[in-house]
Every structure is written in C-alpha cells, then in structure tokens.
file start21.tsv (TSV, N, CA and C atoms)
chain	number	residue	atom	x	y	z
A	29	MET	N	0.84	-1.18	0.00
A	29	MET	CA	0.00	0.00	0.00
A	29	MET	C	0.88	1.24	0.00
A	30	LYS	N	0.48	2.22	-0.77
A	30	LYS	CA	1.19	3.50	-0.82
A	30	LYS	C	1.05	4.21	0.53
A	31	ILE	N	2.14	4.79	1.01
A	31	ILE	CA	2.13	5.49	2.30
A	31	ILE	C	1.58	6.90	2.08
A	32	VAL	N	0.45	7.18	2.70
A	32	VAL	CA	-0.21	8.49	2.57
A	32	VAL	C	-0.67	8.95	3.94
A	33	GLY	N	-1.00	10.23	4.04
A	33	GLY	CA	-1.54	10.78	5.28
A	33	GLY	C	-0.46	11.23	6.23
A	34	GLY	N	-0.85	11.41	7.47
A	34	GLY	CA	0.09	11.85	8.49
A	34	GLY	C	-0.53	11.75	9.87
A	35	LEU	N	0.31	11.79	10.88
A	35	LEU	CA	-0.14	11.73	12.26
A	35	LEU	C	-0.19	13.13	12.86
A	36	TYR	N	-1.16	13.35	13.72
A	36	TYR	CA	-1.23	14.57	14.52
A	36	TYR	C	-0.84	14.19	15.94
A	37	CYS	N	-0.11	15.07	16.61
A	37	CYS	CA	0.30	14.78	17.96
A	37	CYS	C	-0.15	15.89	18.91
A	38	ILE	N	-0.19	15.56	20.19
A	38	ILE	CA	-0.76	16.48	21.17
A	38	ILE	C	0.15	17.65	21.51
A	39	ASP	N	1.45	17.49	21.36
A	39	ASP	CA	2.33	18.57	21.79
A	39	ASP	C	3.47	18.87	20.83
A	40	GLY	N	3.37	18.42	19.62
A	40	GLY	CA	4.41	18.70	18.65
A	40	GLY	C	5.55	17.72	18.65
A	41	ASN	N	5.52	16.73	19.54
A	41	ASN	CA	6.59	15.74	19.61
A	41	ASN	C	6.31	14.62	18.62
A	42	VAL	N	6.68	14.83	17.39
A	42	VAL	CA	6.34	13.89	16.31
A	42	VAL	C	7.10	12.58	16.40
A	43	ASN	N	8.12	12.49	17.22
A	43	ASN	CA	8.92	11.28	17.31
A	43	ASN	C	8.57	10.40	18.51
A	44	ASN	N	7.52	10.75	19.24
A	44	ASN	CA	7.10	9.97	20.40
A	44	ASN	C	5.80	9.25	20.08
A	45	ALA	N	5.80	7.94	20.14
A	45	ALA	CA	4.61	7.14	19.81
A	45	ALA	C	3.43	7.47	20.72
A	46	LYS	N	3.70	7.78	21.98
A	46	LYS	CA	2.61	8.06	22.92
A	46	LYS	C	1.90	9.39	22.63
A	47	ASP	N	2.57	10.30	21.99
A	47	ASP	CA	1.98	11.62	21.73
A	47	ASP	C	1.05	11.66	20.52
A	48	GLN	N	1.04	10.63	19.73
A	48	GLN	CA	0.21	10.64	18.52
A	48	GLN	C	-1.26	10.47	18.89
A	49	SER	N	-2.11	11.38	18.41
A	49	SER	CA	-3.52	11.37	18.80
A	49	SER	C	-4.47	11.09	17.64
A	50	GLN	N	-4.05	11.38	16.41
A	50	GLN	CA	-4.93	11.21	15.25
A	50	GLN	C	-4.12	10.89	14.01
A	51	TYR	N	-4.77	10.17	13.11
A	51	TYR	CA	-4.22	9.95	11.78
A	51	TYR	C	-5.13	10.70	10.82
A	52	VAL	N	-4.55	11.47	9.92
A	52	VAL	CA	-5.31	12.31	8.99
A	52	VAL	C	-4.84	12.01	7.57
A	53	VAL	N	-5.82	11.79	6.68
A	53	VAL	CA	-5.50	11.53	5.27
A	53	VAL	C	-6.60	12.13	4.40
A	54	GLY	N	-6.22	12.67	3.27
A	54	GLY	CA	-7.18	13.29	2.36
A	54	GLY	C	-8.21	12.29	1.84
A	55	VAL	N	-9.45	12.74	1.70
A	55	VAL	CA	-10.51	11.84	1.22
A	55	VAL	C	-10.25	11.41	-0.22
A	56	ASN	N	-9.48	12.19	-0.97
A	56	ASN	CA	-9.16	11.81	-2.34
A	56	ASN	C	-7.94	10.89	-2.43
A	57	GLU	N	-7.27	10.65	-1.30
A	57	GLU	CA	-6.09	9.80	-1.29
A	57	GLU	C	-6.41	8.34	-0.96
A	58	VAL	N	-7.47	8.11	-0.19
A	58	VAL	CA	-7.82	6.75	0.22
A	58	VAL	C	-9.33	6.66	0.45
A	59	ASP	N	-9.90	5.52	0.10
A	59	ASP	CA	-11.33	5.28	0.32
A	59	ASP	C	-11.61	5.07	1.80
A	60	LYS	N	-12.84	5.35	2.20
A	60	LYS	CA	-13.24	5.20	3.60
A	60	LYS	C	-12.93	3.80	4.13
A	61	GLU	N	-13.14	2.80	3.31
A	61	GLU	CA	-12.93	1.41	3.73
A	61	GLU	C	-11.46	1.09	3.97
A	62	ARG	N	-10.56	1.92	3.47
A	62	ARG	CA	-9.12	1.62	3.58
A	62	ARG	C	-8.37	2.58	4.49
A	63	VAL	N	-9.08	3.46	5.20
A	63	VAL	CA	-8.43	4.43	6.07
A	63	VAL	C	-7.64	3.73	7.18
A	64	ARG	N	-8.22	2.74	7.80
A	64	ARG	CA	-7.55	2.04	8.91
A	64	ARG	C	-6.31	1.30	8.41
A	65	GLU	N	-6.42	0.69	7.25
A	65	GLU	CA	-5.28	0.00	6.64
A	65	GLU	C	-4.17	1.00	6.30
A	66	ALA	N	-4.55	2.15	5.77
A	66	ALA	CA	-3.57	3.19	5.45
A	66	ALA	C	-2.88	3.71	6.71
A	67	CYS	N	-3.63	3.83	7.79
A	67	CYS	CA	-3.07	4.28	9.06
A	67	CYS	C	-2.02	3.29	9.56
A	68	MET	N	-2.35	2.01	9.53
A	68	MET	CA	-1.39	1.00	9.99
A	68	MET	C	-0.14	1.00	9.13
A	69	ALA	N	-0.30	1.16	7.83
A	69	ALA	CA	0.86	1.21	6.93
A	69	ALA	C	1.72	2.44	7.22
A	70	TYR	N	1.07	3.57	7.48
A	70	TYR	CA	1.82	4.80	7.78
A	70	TYR	C	2.62	4.65	9.08
A	71	ILE	N	1.98	4.16	10.12
A	71	ILE	CA	2.65	4.01	11.42
A	71	ILE	C	3.80	3.01	11.32
A	72	ASP	N	3.56	1.90	10.62
A	72	ASP	CA	4.62	0.90	10.44
A	72	ASP	C	5.81	1.50	9.70
A	73	ASP	N	5.54	2.31	8.68
A	73	ASP	CA	6.61	2.94	7.92
A	73	ASP	C	7.34	4.01	8.74
A	74	TYR	N	6.61	4.79	9.51
A	74	TYR	CA	7.20	5.92	10.24
A	74	TYR	C	7.94	5.48	11.50
A	75	PHE	N	7.28	4.63	12.33
A	75	PHE	CA	7.85	4.21	13.60
A	75	PHE	C	8.41	2.78	13.58
A	76	GLY	N	7.79	1.93	12.80
A	76	GLY	CA	8.03	0.49	12.89
A	76	GLY	C	6.98	-0.09	13.81
A	77	LYS	N	6.29	-1.12	13.36
A	77	LYS	CA	5.16	-1.69	14.10
A	77	LYS	C	5.56	-2.13	15.52
A	78	GLU	N	6.64	-2.89	15.65
A	78	GLU	CA	7.05	-3.42	16.95
A	78	GLU	C	7.41	-2.29	17.93
A	79	TYR	N	8.16	-1.31	17.46
A	79	TYR	CA	8.54	-0.19	18.32
A	79	TYR	C	7.30	0.57	18.77
A	80	PHE	N	6.41	0.88	17.84
A	80	PHE	CA	5.21	1.64	18.17
A	80	PHE	C	4.38	0.90	19.22
A	81	GLU	N	4.16	-0.39	19.01
A	81	GLU	CA	3.35	-1.18	19.94
A	81	GLU	C	3.99	-1.24	21.32
A	82	LYS	N	5.30	-1.39	21.37
A	82	LYS	CA	6.00	-1.44	22.65
A	82	LYS	C	5.88	-0.10	23.39
A	83	GLU	N	6.11	0.99	22.68
A	83	GLU	CA	6.04	2.32	23.29
A	83	GLU	C	4.62	2.71	23.68
A	84	ARG	N	3.66	2.35	22.85
A	84	ARG	CA	2.27	2.76	23.04
A	84	ARG	C	1.55	1.85	24.04
A	85	GLY	N	1.97	0.59	24.15
A	85	GLY	CA	1.33	-0.34	25.08
A	85	GLY	C	0.05	-0.95	24.55
A	86	ILE	N	-0.12	-0.97	23.24
A	86	ILE	CA	-1.32	-1.55	22.62
A	86	ILE	C	-0.92	-2.03	21.23
A	87	SER	N	-1.60	-3.08	20.78
A	87	SER	CA	-1.29	-3.55	19.43
A	87	SER	C	-1.79	-2.52	18.42
A	88	LEU	N	-1.09	-2.42	17.33
A	88	LEU	CA	-1.46	-1.47	16.28
A	88	LEU	C	-2.86	-1.77	15.76
A	89	LYS	N	-3.16	-3.04	15.60
A	89	LYS	CA	-4.49	-3.45	15.12
A	89	LYS	C	-5.58	-3.01	16.09
A	90	ASP	N	-5.38	-3.24	17.40
A	90	ASP	CA	-6.38	-2.83	18.40
A	90	ASP	C	-6.54	-1.31	18.44
A	91	LEU	N	-5.42	-0.60	18.35
A	91	LEU	CA	-5.47	0.87	18.36
A	91	LEU	C	-6.32	1.39	17.20
A	92	VAL	N	-6.06	0.89	16.01
A	92	VAL	CA	-6.73	1.38	14.82
A	92	VAL	C	-8.19	0.93	14.77
A	93	GLU	N	-8.48	-0.30	15.18
A	93	GLU	CA	-9.86	-0.79	15.17
A	93	GLU	C	-10.74	-0.06	16.17
A	94	SER	N	-10.17	0.40	17.29
A	94	SER	CA	-10.96	1.09	18.31
A	94	SER	C	-11.06	2.59	18.06
A	95	ALA	N	-10.35	3.11	17.07
A	95	ALA	CA	-10.35	4.55	16.78
A	95	ALA	C	-11.65	4.99	16.11
A	96	ASP	N	-12.02	6.24	16.32
A	96	ASP	CA	-13.22	6.82	15.72
A	96	ASP	C	-12.86	7.48	14.39
A	97	LEU	N	-13.66	7.19	13.37
A	97	LEU	CA	-13.43	7.76	12.05
A	97	LEU	C	-14.44	8.87	11.78
A	98	SER	N	-13.95	10.01	11.34
A	98	SER	CA	-14.82	11.14	11.02
A	98	SER	C	-14.24	11.89	9.82
A	99	ILE	N	-14.98	12.89	9.37
A	99	ILE	CA	-14.53	13.76	8.28
A	99	ILE	C	-14.37	15.17	8.84
A	100	SER	N	-13.32	15.83	8.41
A	100	SER	CA	-13.09	17.21	8.82
A	100	SER	C	-12.39	17.93	7.67
A	101	TYR	N	-11.92	19.13	7.95
A	101	TYR	CA	-11.17	19.91	6.98
A	101	TYR	C	-9.84	20.32	7.60
A	102	GLU	N	-8.81	20.27	6.80
A	102	GLU	CA	-7.46	20.60	7.26
A	102	GLU	C	-7.00	21.86	6.54
A	103	ARG	N	-6.32	22.71	7.27
A	103	ARG	CA	-5.75	23.92	6.69
A	103	ARG	C	-4.27	24.02	7.07
A	104	HIS	N	-3.50	24.55	6.14
A	104	HIS	CA	-2.09	24.85	6.37
A	104	HIS	C	-2.03	26.30	6.84
A	105	ILE	N	-1.48	26.51	8.04
A	105	ILE	CA	-1.47	27.84	8.64
A	105	ILE	C	-0.03	28.32	8.82
A	106	PRO	N	0.34	29.39	8.12
A	106	PRO	CA	1.70	29.93	8.30
A	106	PRO	C	1.83	30.61	9.66
A	107	ILE	N	3.05	30.62	10.20
A	107	ILE	CA	3.31	31.23	11.50
A	107	ILE	C	4.38	32.31	11.32
A	108	ASN	N	4.11	33.48	11.83
A	108	ASN	CA	5.06	34.60	11.78
A	108	ASN	C	6.31	34.24	12.58
A	109	LYS	N	7.48	34.53	12.02
A	109	LYS	CA	8.72	34.14	12.69
A	109	LYS	C	8.95	34.88	14.00
A	110	TYR	N	8.21	35.93	14.27
A	110	TYR	CA	8.34	36.67	15.52
A	110	TYR	C	7.34	36.20	16.57
A	111	SER	N	6.52	35.24	16.21
A	111	SER	CA	5.51	34.71	17.13
A	111	SER	C	6.15	33.69	18.08
A	112	PHE	N	5.59	33.60	19.29
A	112	PHE	CA	6.03	32.59	20.26
A	112	PHE	C	5.86	31.19	19.68
A	113	ASP	N	4.78	30.97	18.93
A	113	ASP	CA	4.50	29.66	18.35
A	113	ASP	C	5.56	29.23	17.34
A	114	TYR	N	6.26	30.18	16.75
A	114	TYR	CA	7.30	29.87	15.76
A	114	TYR	C	8.40	29.01	16.38
A	115	ASP	N	8.73	29.28	17.63
A	115	ASP	CA	9.76	28.51	18.33
A	115	ASP	C	9.34	27.07	18.56
A	116	ILE	N	8.06	26.85	18.67
A	116	ILE	CA	7.53	25.50	18.92
A	116	ILE	C	7.27	24.76	17.62
A	117	TRP	N	6.54	25.37	16.70
A	117	TRP	CA	6.04	24.69	15.51
A	117	TRP	C	6.84	24.97	14.25
A	118	GLY	N	7.62	26.03	14.22
A	118	GLY	CA	8.35	26.38	13.01
A	118	GLY	C	7.53	27.33	12.16
A	119	SER	N	7.77	27.31	10.86
A	119	SER	CA	7.18	28.31	9.98
A	119	SER	C	5.71	28.09	9.65
A	120	SER	N	5.19	26.89	9.95
A	120	SER	CA	3.78	26.63	9.66
A	120	SER	C	3.30	25.41	10.42
A	121	VAL	N	1.99	25.25	10.44
A	121	VAL	CA	1.37	24.11	11.09
A	121	VAL	C	0.12	23.73	10.32
A	122	ASN	N	-0.19	22.46	10.30
A	122	ASN	CA	-1.47	22.01	9.75
A	122	ASN	C	-2.43	21.83	10.90
A	123	SER	N	-3.67	22.21	10.69
A	123	SER	CA	-4.67	22.13	11.74
A	123	SER	C	-5.97	21.61	11.15
A	124	ILE	N	-6.72	20.84	11.95
A	124	ILE	CA	-8.00	20.32	11.50
A	124	ILE	C	-9.13	20.92	12.32
A	125	GLY	N	-10.35	20.74	11.84
A	125	GLY	CA	-11.52	21.21	12.57
A	125	GLY	C	-12.20	22.40	11.94
A	126	PHE	N	-11.77	22.78	10.78
A	126	PHE	CA	-12.36	23.92	10.09
A	126	PHE	C	-13.47	23.45	9.16
A	127	GLY	N	-14.24	24.40	8.68
A	127	GLY	CA	-15.25	24.11	7.68
A	127	GLY	C	-14.67	24.21	6.29
A	128	PRO	N	-15.46	23.91	5.29
A	128	PRO	CA	-14.98	24.01	3.91
A	128	PRO	C	-14.72	25.46	3.55
A	129	GLY	N	-13.96	25.66	2.52
A	129	GLY	CA	-13.66	27.00	2.05
A	129	GLY	C	-12.29	27.06	1.41
A	130	LYS	N	-11.91	28.25	1.04
A	130	LYS	CA	-10.63	28.46	0.36
A	130	LYS	C	-9.47	27.94	1.22
A	131	GLY	N	-8.67	27.10	0.64
A	131	GLY	CA	-7.50	26.57	1.33
A	131	GLY	C	-7.76	25.35	2.19
A	132	ALA	N	-9.01	24.92	2.30
A	132	ALA	CA	-9.33	23.77	3.14
A	132	ALA	C	-9.27	22.48	2.32
A	133	LYS	N	-8.78	21.44	2.95
A	133	LYS	CA	-8.69	20.12	2.32
A	133	LYS	C	-9.58	19.17	3.13
A	134	LYS	N	-10.49	18.49	2.47
A	134	LYS	CA	-11.38	17.55	3.13
A	134	LYS	C	-10.59	16.28	3.46
A	135	VAL	N	-10.64	15.86	4.74
A	135	VAL	CA	-9.81	14.75	5.20
A	135	VAL	C	-10.61	13.76	6.05
A	136	TRP	N	-10.13	12.52	6.04
A	136	TRP	CA	-10.58	11.52	7.01
A	136	TRP	C	-9.74	11.72	8.26
A	137	VAL	N	-10.38	11.65	9.43
A	137	VAL	CA	-9.67	11.78	10.71
A	137	VAL	C	-9.95	10.53	11.53
A	138	LEU	N	-8.90	9.81	11.86
A	138	LEU	CA	-9.00	8.62	12.71
A	138	LEU	C	-8.46	9.01	14.08
A	139	SER	N	-9.36	9.17	15.05
A	139	SER	CA	-8.98	9.63	16.40
A	139	SER	C	-8.77	8.43	17.31
A	140	PHE	N	-7.57	8.32	17.88
A	140	PHE	CA	-7.23	7.20	18.75
A	140	PHE	C	-7.90	7.36	20.11
A	141	ASN	N	-8.43	6.25	20.64
A	141	ASN	CA	-9.19	6.27	21.90
A	141	ASN	C	-8.46	5.66	23.08
A	142	ASP	N	-7.26	5.15	22.87
A	142	ASP	CA	-6.56	4.52	23.99
A	142	ASP	C	-5.97	5.58	24.92
A	143	ASN	N	-5.45	5.13	26.04
A	143	ASN	CA	-4.77	6.02	26.98
A	143	ASN	C	-3.31	5.56	27.07
A	144	PRO	N	-2.43	6.11	26.23
A	144	PRO	CA	-1.05	5.63	26.21
A	144	PRO	C	-0.25	6.01	27.46
A	145	TRP	N	-0.80	6.87	28.30
A	145	TRP	CA	-0.06	7.34	29.47
A	145	TRP	C	-0.43	6.58	30.74
A	146	ARG	N	-1.34	5.61	30.63
A	146	ARG	CA	-1.72	4.86	31.82
A	146	ARG	C	-0.55	3.96	32.24
A	147	LYS	N	-0.53	3.61	33.51
A	147	LYS	CA	0.49	2.70	33.99
A	147	LYS	C	0.12	1.28	33.56
A	148	ALA	N	1.08	0.41	33.51
A	148	ALA	CA	0.88	-0.95	33.00
A	148	ALA	C	-0.21	-1.70	33.74
A	149	ASN	N	-0.39	-1.45	35.04
A	149	ASN	CA	-1.38	-2.19	35.81
A	149	ASN	C	-2.74	-1.51	35.85
A	150	GLU	N	-2.88	-0.36	35.23
A	150	GLU	CA	-4.17	0.33	35.16
A	150	GLU	C	-4.97	-0.19	33.99
A	151	THR	N	-6.28	-0.06	34.06
A	151	THR	CA	-7.14	-0.39	32.93
A	151	THR	C	-7.90	0.86	32.54
A	152	ASP	N	-8.28	0.94	31.29
A	152	ASP	CA	-9.07	2.08	30.83
A	152	ASP	C	-10.46	2.00	31.44
A	153	ILE	N	-10.97	3.12	31.84
A	153	ILE	CA	-12.31	3.18	32.45
A	153	ILE	C	-13.30	3.67	31.42
call {"tool": "encode", "arguments": {"input": "start21.tsv", "output": "structure tokens"}}
result
Amino acid sequence: MKIVGGLYCIDGNVNNAKDQSQYVVGVNEVDKERVREACMAYIDDYFGKEYFEKERGISLKDLVESADLSISYERHIPINKYSFDYDIWGSSVNSIGFGPGKGAKKVWVLSFNDNPWRKANETDI
C-alpha cells in the first residue's frame, strides 16, 4: 500500500509514539474502507510496528480498530517568525476542525481512543 496521510500529535513531539492522537488523510487519497489500513501502513513505515506497539502499550491493530473515524477539513497555517509559536512549531502548522472554504482540504480523521499514558497495571475506564 502506498504510504499516505500523516499523524497529529498532542504537543508537537512527532517522534514519540505516545503523543500521537490522530491519523489524517485526504478523502481523495484513500477510500473510507481503507483508512484504517492506510493508518497501519503509515505508522509501520514511520515508527516500525514493533517499536510503536511497545512504546504505546497496545497492538497497532487494536489501536486502529478502536479509533473513531470522522470527516473534517485541514488547513495549512503559516506562522510569523516573531511569534512565540514559531519557536515550537516552526514556519507553519497544519490544523483540522475547520469548515470548507478556500484553502481547506477535506480529510478523514481517525482519532485514537486509547490512553497511552496509563500505567501498565491500570485499565481504561
């Protein structure tokens, strides 16, 4: 499968498996029926399946099957180099949750429902 889409993370730490909160891919890049498969392929390519599962504490299959699938719009937002956010995010950031309009891209959003920060002996409530 062609690697498409990307992961969104909670704090900008793109290299930490626990920080990943959503997988986002354009509706014109993959069919609804293949979003979960595309997500698993992306994560395997980016992190490696075994590493991701070890760090996240859940199997990739379970993570993706339990995730909620929705449609949203993504926008590319430039950041002024004098802004505080520039130090964190760099020259731009992609953001979801907007409505349609100029510059918006319609995307599938797969939101992960696990709690990667729980301790090993805790269970999700």
call {"tool": "closest_residue", "arguments": {"input": "start21.tsv", "among": "A:Tyr36, A:Tyr79, A:Tyr110, A:Trp136", "to": "Val55 (chain A)", "atoms": "all atoms listed in the file"}}
result
A:Trp136
call {"tool": "closest_residue", "arguments": {"input": "start21.tsv", "among": "A:Val121, A:Asp47, A:Ser139, A:Lys133", "to": "Cys67 (chain A)", "atoms": "only C-alpha atoms"}}
result
A:Ser139
call {"tool": "select_by_dssp", "arguments": {"input": "start21.tsv", "residues": "region 73-150 of chain A", "states": "helix (DSSP H, G or I)", "output": "NGL selection string"}}
result
:A and (73-74 or 77-84 or 88-94 or 112-117)
call {"tool": "residues_around", "arguments": {"input": "start21.tsv", "residues": "Gly131 (chain A)", "least_positions_apart": "4", "cutoff": "7 Å", "atoms": "all atoms listed in the file", "output": "PyMOL selection string"}}
result
chain A and resi 102-104
call {"tool": "write_last_selection", "arguments": {"input": "start21.tsv", "atoms": "N, CA and C atoms", "output": "compact mmCIF listing (two decimals), in the coordinates of the input"}}
result
# COMPACT_ATOMS: atom_id res chain seq x y z
N GLU A 102 -8.81 20.27 6.80
CA GLU A 102 -7.46 20.60 7.26
C GLU A 102 -7.00 21.86 6.54
N ARG A 103 -6.32 22.71 7.27
CA ARG A 103 -5.75 23.92 6.69
C ARG A 103 -4.27 24.02 7.07
N HIS A 104 -3.50 24.55 6.14
CA HIS A 104 -2.09 24.85 6.37
C HIS A 104 -2.03 26.30 6.84
call {"tool": "residues_around", "arguments": {"input": "start21.tsv", "residues": "Gly85 (chain A)", "least_positions_apart": "5", "cutoff": "8 Å", "atoms": "all atoms listed in the file", "output": "list in words"}}
result
Ala45, Lys46, Tyr79, Phe80, Asn143, Pro144 and Ala148 of chain A
call {"tool": "write_last_selection", "arguments": {"input": "start21.tsv", "atoms": "N, CA and C atoms", "output": "compact mmCIF listing (two decimals), in the frame of the given file"}}
result
# COMPACT_ATOMS: atom_id res chain seq x y z
N ALA A 45 5.80 7.94 20.14
CA ALA A 45 4.61 7.14 19.81
C ALA A 45 3.43 7.47 20.72
N LYS A 46 3.70 7.78 21.98
CA LYS A 46 2.61 8.06 22.92
C LYS A 46 1.90 9.39 22.63
N TYR A 79 8.16 -1.31 17.46
CA TYR A 79 8.54 -0.19 18.32
C TYR A 79 7.30 0.57 18.77
N PHE A 80 6.41 0.88 17.84
CA PHE A 80 5.21 1.64 18.17
C PHE A 80 4.38 0.90 19.22
N ASN A 143 -5.45 5.13 26.04
CA ASN A 143 -4.77 6.02 26.98
C ASN A 143 -3.31 5.56 27.07
N PRO A 144 -2.43 6.11 26.23
CA PRO A 144 -1.05 5.63 26.21
C PRO A 144 -0.25 6.01 27.46
N ALA A 148 1.08 0.41 33.51
CA ALA A 148 0.88 -0.95 33.00
C ALA A 148 -0.21 -1.70 33.74
call {"tool": "atom_distance", "arguments": {"input": "start21.tsv", "atom1": "CA of Ser87 (chain A)", "atom2": "CA of Phe75 (chain A)"}}
result
13.3 Å
call {"tool": "residues_around", "arguments": {"input": "start21.tsv", "residues": "Ile31 (chain A)", "least_positions_apart": "6", "cutoff": "8 Å", "atoms": "all atoms listed in the file", "output": "ChimeraX atom specification"}}
result
/A:66,69-71,73
call {"tool": "write_last_selection", "arguments": {"input": "start21.tsv", "atoms": "N, CA and C atoms", "output": "JSON list (two decimals), keeping the file's coordinate frame"}}
result
[["chain", "number", "residue", "atom", "x", "y", "z"],
["A", 66, "ALA", "N", -4.55, 2.15, 5.77],
["A", 66, "ALA", "CA", -3.57, 3.19, 5.45],
["A", 66, "ALA", "C", -2.88, 3.71, 6.71],
["A", 69, "ALA", "N", -0.30, 1.16, 7.83],
["A", 69, "ALA", "CA", 0.86, 1.21, 6.93],
["A", 69, "ALA", "C", 1.72, 2.44, 7.22],
["A", 70, "TYR", "N", 1.07, 3.57, 7.48],
["A", 70, "TYR", "CA", 1.82, 4.80, 7.78],
["A", 70, "TYR", "C", 2.62, 4.65, 9.08],
["A", 71, "ILE", "N", 1.98, 4.16, 10.12],
["A", 71, "ILE", "CA", 2.65, 4.01, 11.42],
["A", 71, "ILE", "C", 3.80, 3.01, 11.32],
["A", 73, "ASP", "N", 5.54, 2.31, 8.68],
["A", 73, "ASP", "CA", 6.61, 2.94, 7.92],
["A", 73, "ASP", "C", 7.34, 4.01, 8.74]]
call {"tool": "atom_distance", "arguments": {"input": "start21.tsv", "atom1": "atom C of Leu91 (chain A)", "atom2": "atom C of Ile105 (chain A)"}}
result
28.9 Å
call {"tool": "select_by_dssp", "arguments": {"input": "start21.tsv", "residues": "chain A", "states": "strand (DSSP E)", "output": "ChimeraX atom specification"}}
result
/A:34-37,48-54,96-106,120-124,133-139
call {"tool": "closest_residue", "arguments": {"input": "start21.tsv", "among": "A:Asn56, A:Ser94, A:Asn41, A:Asn122", "to": "Ile107 (chain A)", "atoms": "only C-alpha atoms"}}
result
A:Asn122
call {"tool": "residues_around", "arguments": {"input": "start21.tsv", "residues": "Leu138 (chain A)", "least_positions_apart": "4", "cutoff": "10 Å", "atoms": "only C-alpha atoms", "output": "mmCIF file with N, CA and C atoms, in the coordinates of the input"}}
result
data_model
loop_
_atom_site.group_PDB
_atom_site.id
_atom_site.type_symbol
_atom_site.label_atom_id
_atom_site.label_comp_id
_atom_site.auth_asym_id
_atom_site.auth_seq_id
_atom_site.Cartn_x
_atom_site.Cartn_y
_atom_site.Cartn_z
ATOM 1 N N LEU A 35 0.310 11.790 10.880
ATOM 2 C CA LEU A 35 -0.140 11.730 12.260
ATOM 3 C C LEU A 35 -0.190 13.130 12.860
ATOM 4 N N TYR A 36 -1.160 13.350 13.720
ATOM 5 C CA TYR A 36 -1.230 14.570 14.520
ATOM 6 C C TYR A 36 -0.840 14.190 15.940
ATOM 7 N N SER A 49 -2.110 11.380 18.410
ATOM 8 C CA SER A 49 -3.520 11.370 18.800
ATOM 9 C C SER A 49 -4.470 11.090 17.640
ATOM 10 N N GLN A 50 -4.050 11.380 16.410
ATOM 11 C CA GLN A 50 -4.930 11.210 15.250
ATOM 12 C C GLN A 50 -4.120 10.890 14.010
ATOM 13 N N TYR A 51 -4.770 10.170 13.110
ATOM 14 C CA TYR A 51 -4.220 9.950 11.780
ATOM 15 C C TYR A 51 -5.130 10.700 10.820
ATOM 16 N N VAL A 52 -4.550 11.470 9.920
ATOM 17 C CA VAL A 52 -5.310 12.310 8.990
ATOM 18 C C VAL A 52 -4.840 12.010 7.570
ATOM 19 N N VAL A 53 -5.820 11.790 6.680
ATOM 20 C CA VAL A 53 -5.500 11.530 5.270
ATOM 21 C C VAL A 53 -6.600 12.130 4.400
ATOM 22 N N VAL A 63 -9.080 3.460 5.200
ATOM 23 C CA VAL A 63 -8.430 4.430 6.070
ATOM 24 C C VAL A 63 -7.640 3.730 7.180
ATOM 25 N N ARG A 64 -8.220 2.740 7.800
ATOM 26 C CA ARG A 64 -7.550 2.040 8.910
ATOM 27 C C ARG A 64 -6.310 1.300 8.410
ATOM 28 N N CYS A 67 -3.630 3.830 7.790
ATOM 29 C CA CYS A 67 -3.070 4.280 9.060
ATOM 30 C C CYS A 67 -2.020 3.290 9.560
ATOM 31 N N VAL A 92 -6.060 0.890 16.010
ATOM 32 C CA VAL A 92 -6.730 1.380 14.820
ATOM 33 C C VAL A 92 -8.190 0.930 14.770
ATOM 34 N N GLU A 93 -8.480 -0.300 15.180
ATOM 35 C CA GLU A 93 -9.860 -0.790 15.170
ATOM 36 C C GLU A 93 -10.740 -0.060 16.170
ATOM 37 N N SER A 94 -10.170 0.400 17.290
ATOM 38 C CA SER A 94 -10.960 1.090 18.310
ATOM 39 C C SER A 94 -11.060 2.590 18.060
ATOM 40 N N ALA A 95 -10.350 3.110 17.070
ATOM 41 C CA ALA A 95 -10.350 4.550 16.780
ATOM 42 C C ALA A 95 -11.650 4.990 16.110
ATOM 43 N N ASP A 96 -12.020 6.240 16.320
ATOM 44 C CA ASP A 96 -13.220 6.820 15.720
ATOM 45 C C ASP A 96 -12.860 7.480 14.390
ATOM 46 N N LEU A 97 -13.660 7.190 13.370
ATOM 47 C CA LEU A 97 -13.430 7.760 12.050
ATOM 48 C C LEU A 97 -14.440 8.870 11.780
ATOM 49 N N SER A 98 -13.950 10.010 11.340
ATOM 50 C CA SER A 98 -14.820 11.140 11.020
ATOM 51 C C SER A 98 -14.240 11.890 9.820
ATOM 52 N N ILE A 99 -14.980 12.890 9.370
ATOM 53 C CA ILE A 99 -14.530 13.760 8.280
ATOM 54 C C ILE A 99 -14.370 15.170 8.840
#
call {"tool": "atom_distance", "arguments": {"input": "start21.tsv", "atom1": "atom N of Glu65 (chain A)", "atom2": "CA of Ser123 (chain A)"}}
result
22.0 Å
call {"tool": "closest_residue", "arguments": {"input": "start21.tsv", "among": "A:Gly33, A:Asn44, A:Val135, A:Tyr114", "to": "Glu81 (chain A)", "atoms": "only C-alpha atoms"}}
result
A:Asn44
call {"tool": "decode", "arguments": {"input": "start21.tsv", "residues": "region 102-107 of chain A", "atoms": "N, CA, C and O atoms", "output": "CSV table (one decimal), in the first residue's frame"}}
result
chain,number,residue,atom,x,y,z
A,102,GLU,N,-8.8,20.3,6.8
A,102,GLU,CA,-7.5,20.6,7.3
A,102,GLU,C,-7.0,21.9,6.5
A,102,GLU,O,-7.3,22.0,5.4
A,103,ARG,N,-6.3,22.7,7.3
A,103,ARG,CA,-5.7,23.9,6.7
A,103,ARG,C,-4.3,24.0,7.1
A,103,ARG,O,-3.9,23.7,8.2
A,104,HIS,N,-3.5,24.5,6.1
A,104,HIS,CA,-2.1,24.8,6.4
A,104,HIS,C,-2.0,26.3,6.8
A,104,HIS,O,-2.5,27.2,6.1
A,105,ILE,N,-1.5,26.5,8.0
A,105,ILE,CA,-1.5,27.8,8.6
A,105,ILE,C,0.0,28.3,8.8
A,105,ILE,O,0.7,27.7,9.6
A,106,PRO,N,0.3,29.4,8.1
A,106,PRO,CA,1.7,29.9,8.3
A,106,PRO,C,1.8,30.6,9.7
A,106,PRO,O,0.9,31.1,10.2
A,107,ILE,N,3.0,30.6,10.2
A,107,ILE,CA,3.3,31.2,11.5
A,107,ILE,C,4.4,32.3,11.3
A,107,ILE,O,5.4,32.1,10.7
